[in-house]
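Next comes protein03.csv, with CSV, N, CA and C atoms.
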chain,number,residue,atom,x,y,z
A,28,MET,N,-57.4,-1.7,-102.7
A,28,MET,CA,-57.2,-2.9,-103.6
A,28,MET,C,-57.8,-4.1,-102.9
A,29,ALA,N,-58.6,-4.9,-103.6
A,29,ALA,CA,-59.2,-6.0,-103.1
A,29,ALA,C,-58.2,-7.1,-102.8
A,30,LYS,N,-58.4,-7.8,-101.7
A,30,LYS,CA,-57.6,-9.0,-101.4
A,30,LYS,C,-58.0,-10.2,-102.2
A,31,GLU,N,-57.0,-11.0,-102.7
A,31,GLU,CA,-57.3,-12.2,-103.3
A,31,GLU,C,-57.8,-13.2,-102.3
A,32,PRO,N,-58.8,-14.0,-102.6
A,32,PRO,CA,-59.3,-15.0,-101.6
A,32,PRO,C,-58.2,-16.0,-101.3
A,33,LYS,N,-58.1,-16.4,-100.0
A,33,LYS,CA,-57.1,-17.4,-99.6
A,33,LYS,C,-57.4,-18.7,-100.2
A,34,ARG,N,-56.4,-19.3,-100.8
A,34,ARG,CA,-56.6,-20.7,-101.4
A,34,ARG,C,-56.2,-21.7,-100.4
A,35,PRO,N,-56.8,-22.9,-100.4
A,35,PRO,CA,-56.4,-23.9,-99.5
A,35,PRO,C,-54.9,-24.3,-99.8
A,36,ASP,N,-54.2,-24.8,-98.8
A,36,ASP,CA,-52.9,-25.3,-98.9
A,36,ASP,C,-52.9,-26.5,-99.9
A,37,VAL,N,-51.8,-26.5,-100.7
A,37,VAL,CA,-51.7,-27.6,-101.7
A,37,VAL,C,-50.7,-28.6,-101.3
A,38,PRO,N,-51.1,-29.8,-100.8
A,38,PRO,CA,-50.1,-30.8,-100.4
A,38,PRO,C,-49.3,-31.3,-101.6
A,39,ASP,N,-48.0,-31.6,-101.3
A,39,ASP,CA,-47.1,-32.0,-102.3
A,39,ASP,C,-47.6,-33.3,-103.1
A,40,ASP,N,-48.2,-34.2,-102.3
A,40,ASP,CA,-48.7,-35.4,-102.9
A,40,ASP,C,-49.8,-35.1,-104.0
A,41,LEU,N,-50.7,-34.2,-103.6
A,41,LEU,CA,-51.7,-33.9,-104.6
A,41,LEU,C,-51.1,-33.2,-105.8
A,42,LEU,N,-50.2,-32.3,-105.6
A,42,LEU,CA,-49.5,-31.6,-106.7
A,42,LEU,C,-48.8,-32.6,-107.6
A,43,ARG,N,-48.1,-33.6,-107.1
A,43,ARG,CA,-47.5,-34.6,-107.9
A,43,ARG,C,-48.5,-35.4,-108.7
A,44,LEU,N,-49.6,-35.8,-108.1
A,44,LEU,CA,-50.6,-36.5,-108.8
A,44,LEU,C,-51.2,-35.7,-110.0
A,45,GLN,N,-51.5,-34.4,-109.7
A,45,GLN,CA,-52.1,-33.6,-110.7
A,45,GLN,C,-51.1,-33.3,-111.9
A,46,ARG,N,-49.8,-33.1,-111.5
A,46,ARG,CA,-48.8,-33.0,-112.6
A,46,ARG,C,-48.6,-34.2,-113.4
A,47,ALA,N,-48.8,-35.4,-112.8
A,47,ALA,CA,-48.7,-36.6,-113.6
A,47,ALA,C,-49.9,-36.7,-114.5
A,48,ALA,N,-51.1,-36.3,-114.1
A,48,ALA,CA,-52.3,-36.3,-114.9
A,48,ALA,C,-52.1,-35.3,-116.1
A,49,ASN,N,-51.5,-34.1,-115.8
A,49,ASN,CA,-51.3,-33.1,-116.8
A,49,ASN,C,-50.3,-33.7,-117.9
A,50,ALA,N,-49.2,-34.3,-117.4
A,50,ALA,CA,-48.3,-34.9,-118.3
A,50,ALA,C,-48.9,-36.0,-119.2
A,51,ALA,N,-49.7,-36.8,-118.6
A,51,ALA,CA,-50.4,-37.9,-119.4
A,51,ALA,C,-51.4,-37.3,-120.4
A,52,HIS,N,-52.0,-36.2,-120.0
A,52,HIS,CA,-52.9,-35.5,-121.0
A,52,HIS,C,-52.1,-34.9,-122.1
A,53,ARG,N,-51.0,-34.3,-121.9
A,53,ARG,CA,-50.2,-33.7,-123.0
A,53,ARG,C,-49.7,-34.8,-123.9
A,54,GLU,N,-49.3,-36.0,-123.3
A,54,GLU,CA,-48.8,-37.1,-124.1
A,54,GLU,C,-50.0,-37.6,-125.0
A,55,ALA,N,-51.1,-37.8,-124.4
A,55,ALA,CA,-52.3,-38.3,-125.2
A,55,ALA,C,-52.7,-37.4,-126.3
A,56,ALA,N,-52.7,-36.1,-126.0
A,56,ALA,CA,-53.1,-35.1,-126.9
A,56,ALA,C,-52.2,-35.0,-128.1
A,57,ALA,N,-50.9,-35.3,-127.9
A,57,ALA,CA,-49.9,-35.2,-128.9
A,57,ALA,C,-50.1,-36.3,-130.0
A,58,GLY,N,-50.8,-37.4,-129.7
A,58,GLY,CA,-51.0,-38.5,-130.6
A,58,GLY,C,-52.4,-38.4,-131.2
A,59,GLY,N,-52.7,-39.4,-132.0
A,59,GLY,CA,-54.1,-39.5,-132.5
A,59,GLY,C,-55.0,-40.1,-131.4
A,60,TYR,N,-56.3,-40.0,-131.6
A,60,TYR,CA,-57.2,-40.5,-130.6
A,60,TYR,C,-57.4,-42.0,-130.7
A,61,SER,N,-57.4,-42.6,-129.6
A,61,SER,CA,-57.8,-44.0,-129.5
A,61,SER,C,-58.0,-44.2,-128.0
A,62,PRO,N,-59.0,-45.0,-127.6
A,62,PRO,CA,-59.2,-45.2,-126.2
A,62,PRO,C,-57.9,-45.7,-125.5
A,63,GLU,N,-57.1,-46.5,-126.1
A,63,GLU,CA,-55.9,-47.0,-125.5
A,63,GLU,C,-54.9,-45.8,-125.2
A,64,ALA,N,-54.8,-44.9,-126.1
A,64,ALA,CA,-53.9,-43.8,-126.0
A,64,ALA,C,-54.3,-42.8,-124.9
A,65,TRP,N,-55.6,-42.7,-124.6
A,65,TRP,CA,-56.1,-41.8,-123.6
A,65,TRP,C,-56.3,-42.4,-122.3
A,66,ARG,N,-56.3,-43.7,-122.2
A,66,ARG,CA,-56.5,-44.4,-120.9
A,66,ARG,C,-55.6,-44.0,-119.8
A,67,PRO,N,-54.2,-43.9,-120.1
A,67,PRO,CA,-53.3,-43.4,-119.0
A,67,PRO,C,-53.7,-42.1,-118.4
A,68,TRP,N,-54.2,-41.2,-119.3
A,68,TRP,CA,-54.6,-39.9,-118.8
A,68,TRP,C,-55.9,-40.0,-117.9
A,69,ALA,N,-56.8,-40.8,-118.4
A,69,ALA,CA,-58.1,-41.0,-117.6
A,69,ALA,C,-57.8,-41.6,-116.3
A,70,GLU,N,-56.9,-42.6,-116.3
A,70,GLU,CA,-56.6,-43.2,-115.0
A,70,GLU,C,-55.8,-42.3,-114.1
A,71,ALA,N,-54.9,-41.5,-114.6
A,71,ALA,CA,-54.1,-40.6,-113.8
A,71,ALA,C,-55.0,-39.5,-113.2
A,72,ALA,N,-56.0,-39.0,-114.1
A,72,ALA,CA,-56.9,-38.0,-113.6
A,72,ALA,C,-57.8,-38.5,-112.5
A,73,ALA,N,-58.3,-39.7,-112.7
A,73,ALA,CA,-59.2,-40.3,-111.7
A,73,ALA,C,-58.4,-40.4,-110.3
A,74,VAL,N,-57.2,-40.9,-110.4
A,74,VAL,CA,-56.4,-41.0,-109.1
A,74,VAL,C,-56.2,-39.6,-108.5
A,75,ALA,N,-55.9,-38.6,-109.3
A,75,ALA,CA,-55.8,-37.2,-108.7
A,75,ALA,C,-57.1,-36.7,-108.1
A,76,GLN,N,-58.2,-36.9,-108.8
A,76,GLN,CA,-59.5,-36.5,-108.3
A,76,GLN,C,-59.9,-37.2,-107.0
A,77,ASN,N,-59.6,-38.5,-107.0
A,77,ASN,CA,-60.0,-39.2,-105.7
A,77,ASN,C,-59.1,-38.7,-104.6
A,78,ALA,N,-57.9,-38.5,-104.8
A,78,ALA,CA,-57.0,-38.0,-103.8
A,78,ALA,C,-57.4,-36.6,-103.3
A,79,VAL,N,-57.8,-35.8,-104.2
A,79,VAL,CA,-58.3,-34.4,-103.8
A,79,VAL,C,-59.6,-34.6,-103.0
A,80,ALA,N,-60.5,-35.4,-103.4
A,80,ALA,CA,-61.8,-35.6,-102.6
A,80,ALA,C,-61.5,-36.1,-101.2
A,81,GLU,N,-60.6,-37.1,-101.1
A,81,GLU,CA,-60.3,-37.7,-99.8
A,81,GLU,C,-59.6,-36.6,-98.9
A,82,HIS,N,-58.6,-35.9,-99.5
A,82,HIS,CA,-57.9,-34.9,-98.7
A,82,HIS,C,-58.9,-33.8,-98.2
A,83,ALA,N,-59.8,-33.4,-99.1
A,83,ALA,CA,-60.7,-32.3,-98.8
A,83,ALA,C,-61.6,-32.8,-97.6
A,84,ALA,N,-62.1,-34.0,-97.7
A,84,ALA,CA,-63.0,-34.5,-96.7
A,84,ALA,C,-62.3,-34.6,-95.3
A,85,GLN,N,-61.0,-35.1,-95.3
A,85,GLN,CA,-60.3,-35.2,-94.1
A,85,GLN,C,-59.9,-33.9,-93.5
A,86,ALA,N,-59.6,-32.9,-94.4
A,86,ALA,CA,-59.2,-31.6,-93.9
A,86,ALA,C,-60.3,-30.6,-93.6
A,87,GLY,N,-61.5,-31.0,-94.1
A,87,GLY,CA,-62.7,-30.2,-93.8
A,87,GLY,C,-62.7,-28.9,-94.7
A,88,VAL,N,-62.2,-29.1,-95.9
A,88,VAL,CA,-62.1,-27.9,-96.8
A,88,VAL,C,-63.0,-28.2,-98.0
A,89,SER,N,-63.3,-27.2,-98.8
A,89,SER,CA,-64.1,-27.4,-100.0
A,89,SER,C,-63.3,-28.2,-101.0
A,90,ARG,N,-63.9,-29.3,-101.5
A,90,ARG,CA,-63.3,-30.1,-102.6
A,90,ARG,C,-63.0,-29.3,-103.8
A,91,TYR,N,-64.0,-28.5,-104.2
A,91,TYR,CA,-63.9,-27.6,-105.4
A,91,TYR,C,-62.7,-26.6,-105.2
A,92,GLU,N,-62.7,-25.9,-104.1
A,92,GLU,CA,-61.6,-24.9,-103.9
A,92,GLU,C,-60.2,-25.6,-103.8
A,93,LEU,N,-60.1,-26.8,-103.2
A,93,LEU,CA,-58.9,-27.5,-103.2
A,93,LEU,C,-58.5,-28.0,-104.6
A,94,GLU,N,-59.4,-28.5,-105.3
A,94,GLU,CA,-59.1,-28.9,-106.7
A,94,GLU,C,-58.6,-27.8,-107.5
A,95,MET,N,-59.3,-26.6,-107.5
A,95,MET,CA,-58.9,-25.5,-108.3
A,95,MET,C,-57.5,-25.0,-107.8
A,96,ALA,N,-57.2,-25.0,-106.5
A,96,ALA,CA,-55.9,-24.6,-106.1
A,96,ALA,C,-54.8,-25.6,-106.5
A,97,VAL,N,-55.1,-26.9,-106.5
A,97,VAL,CA,-54.1,-27.9,-107.0
A,97,VAL,C,-53.9,-27.8,-108.4
A,98,LYS,N,-54.9,-27.6,-109.2
A,98,LYS,CA,-54.8,-27.4,-110.7
A,98,LYS,C,-54.0,-26.2,-111.0
A,99,ALA,N,-54.3,-25.1,-110.3
A,99,ALA,CA,-53.6,-23.8,-110.6
A,99,ALA,C,-52.1,-24.0,-110.3
A,100,ALA,N,-51.8,-24.6,-109.1
A,100,ALA,CA,-50.4,-24.7,-108.7
A,100,ALA,C,-49.6,-25.7,-109.7
A,101,ALA,N,-50.3,-26.7,-110.1
A,101,ALA,CA,-49.7,-27.7,-111.0
A,101,ALA,C,-49.4,-27.0,-112.4
A,102,LYS,N,-50.4,-26.2,-112.8
A,102,LYS,CA,-50.2,-25.5,-114.1
A,102,LYS,C,-49.1,-24.5,-114.1
A,103,LYS,N,-49.0,-23.8,-113.0
A,103,LYS,CA,-47.9,-22.8,-112.8
A,103,LYS,C,-46.5,-23.5,-112.9
A,104,LEU,N,-46.4,-24.6,-112.2
A,104,LEU,CA,-45.1,-25.4,-112.2
A,104,LEU,C,-44.9,-26.0,-113.6
A,105,ASP,N,-45.9,-26.5,-114.2
A,105,ASP,CA,-45.7,-27.1,-115.6
A,105,ASP,C,-45.3,-26.0,-116.5
A,106,GLU,N,-45.9,-24.8,-116.5
A,106,GLU,CA,-45.5,-23.7,-117.4
A,106,GLU,C,-44.1,-23.2,-117.1
A,107,ALA,N,-43.7,-23.2,-115.8
A,107,ALA,CA,-42.4,-22.7,-115.4
A,107,ALA,C,-41.3,-23.7,-116.0
A,108,GLU,N,-41.6,-24.9,-116.1
A,108,GLU,CA,-40.6,-25.9,-116.6
A,108,GLU,C,-40.6,-26.0,-118.1
A,109,GLY,N,-41.6,-25.3,-118.7
A,109,GLY,CA,-41.7,-25.1,-120.1
A,109,GLY,C,-42.0,-26.2,-121.0
Target encoding structure tokens, full file:
Amino acid sequence: MAKEPKRPDVPDDLLRLQRAANAAHREAAAGGYSPEAWRPWAEAAAVAQNAVAEHAAQAGVSRYELEMAVKAAAKKLDEAEG
């Protein structure tokens, strides 16, 4: 059986930021489209992305792999909370 590749550790602060972006996306998607309605999601997503990039650079890990690990962990928690 093949081993699953090891994912980077997901710091709690990055997880919180991604979950906030996910929540803002769900809220924006529930309403009609307007730039004002989607702005909170865009801003939350930008904050999360910048934090991931900064953490990856400081930790010397792949930004892409860290981002995917953060998004997967956030999605799993979001789905668990239903």
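Here atom C of Arg46 (chain A) stands at a distance of 18.2 Å from atom N of Ala83 (chain A).
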Practice task
Using CA of Arg90 (chain A) and atom C of Pro35 (chain A) as the two end points, give the distance in Å to one decimal.
Solution key: 10.6 Å
Completion exercise
The residue from A:Asp39, A:Asn77, A:Glu106, A:Trp68 with the smallest atom-to-atom distance to Arg53 (chain A), counting all atoms listed in the file, is A:Trp68
Problem - Who sits within 12 Å of Val88 (chain A), only C-alpha atoms, same chain under 3 positions skipped, as a PyMOL selection string - result: chain A and resi 33-37+79-85+91-94+96
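Rounded to one decimal, atom N of Ala72 (chain A) and atom C of His52 (chain A) lie 9.8 Å from each other.
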